[in-house]
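See structure below.
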Amino acid sequence: MKLSKELKNGLVIFIGIGIYFLMMNLLGLSKIFLLRLFNIVFIFYGVRRTIVSNLIEGNKDFLSNATSAFFTSFIGVFLSVLGLFAYSYINGGEAFIRNLSESFLFGGEPSINLYCASLFIEGIASSVIVSLLLMLYYNNKYVAD
């Protein structure tokens, strides 16, 4: 069974983000908010791989490439949030999320479901932005006939 490039690159995003956050946690850097913002690098990397692969294959249609790029980032974000959901329950459930939310943007005491849903919505919004930015960048590089 051959995996689609969207799924492969979505898995690359998921693995990259997962290893990045595990390393931050291992090194004691998980409380530094600005380091958490660098996870967007993995989304850029995975989506770029998909777009470049499409262009190499000769697919220069903006809409199909944009759909492919968004689908790649959606898979990466979905798997990452699912991974956080599982990781939260493994590390103490609600207590882990309370500790995590103290150093993040959330106020009060969010549940794991609310925390993951919020991150999913934020991730989808950033995925759309990343996908469109890269599409516009590569649209100028490869002009269709």
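Ligands are numbered from 1 in the order shown, residues from 1 within each chain, and chains are lettered A, B, ... in the order they appear in the structure tokens.
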
Exercise. Could you pull out all residues of chain A with a DSSP call of alpha helix (DSSP H) and give them as a PyMOL selection string?
Worked result: chain A and resi 5-26+33-36+40-56+62-90+94-102+112-141

For this session: For region 114-122 of chain A, list every protein, DNA or RNA residue within 7 Å, evaluated using only C-alpha atoms, and leave out those in the same chain fewer than 2 positions away; present the list as a ChimeraX atom specification.
Result: /A:77-78,81,85,110-112,124-126

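Residue nearest Gly93 (chain A) within the list A:Ile15, A:Thr50, A:Ser80, A:Asn113: A:Asn113 [criterion: smallest interatomic distance, only C-alpha atoms].
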
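Near Ser68 (chain A), within 8 Å and counting only C-alpha atoms, sit Glu6, Thr50, Ile51, Ser64, Asn65, Phe71 and Thr72 of chain A; same-chain residues fewer than 3 positions away were not included.
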
Problem set entry | Closest of A:Ile32, A:Asp61, A:Ile75, A:Asn39 to Ser4 (chain A) - atom-to-atom distances counting only C-alpha atoms | A:Ile75
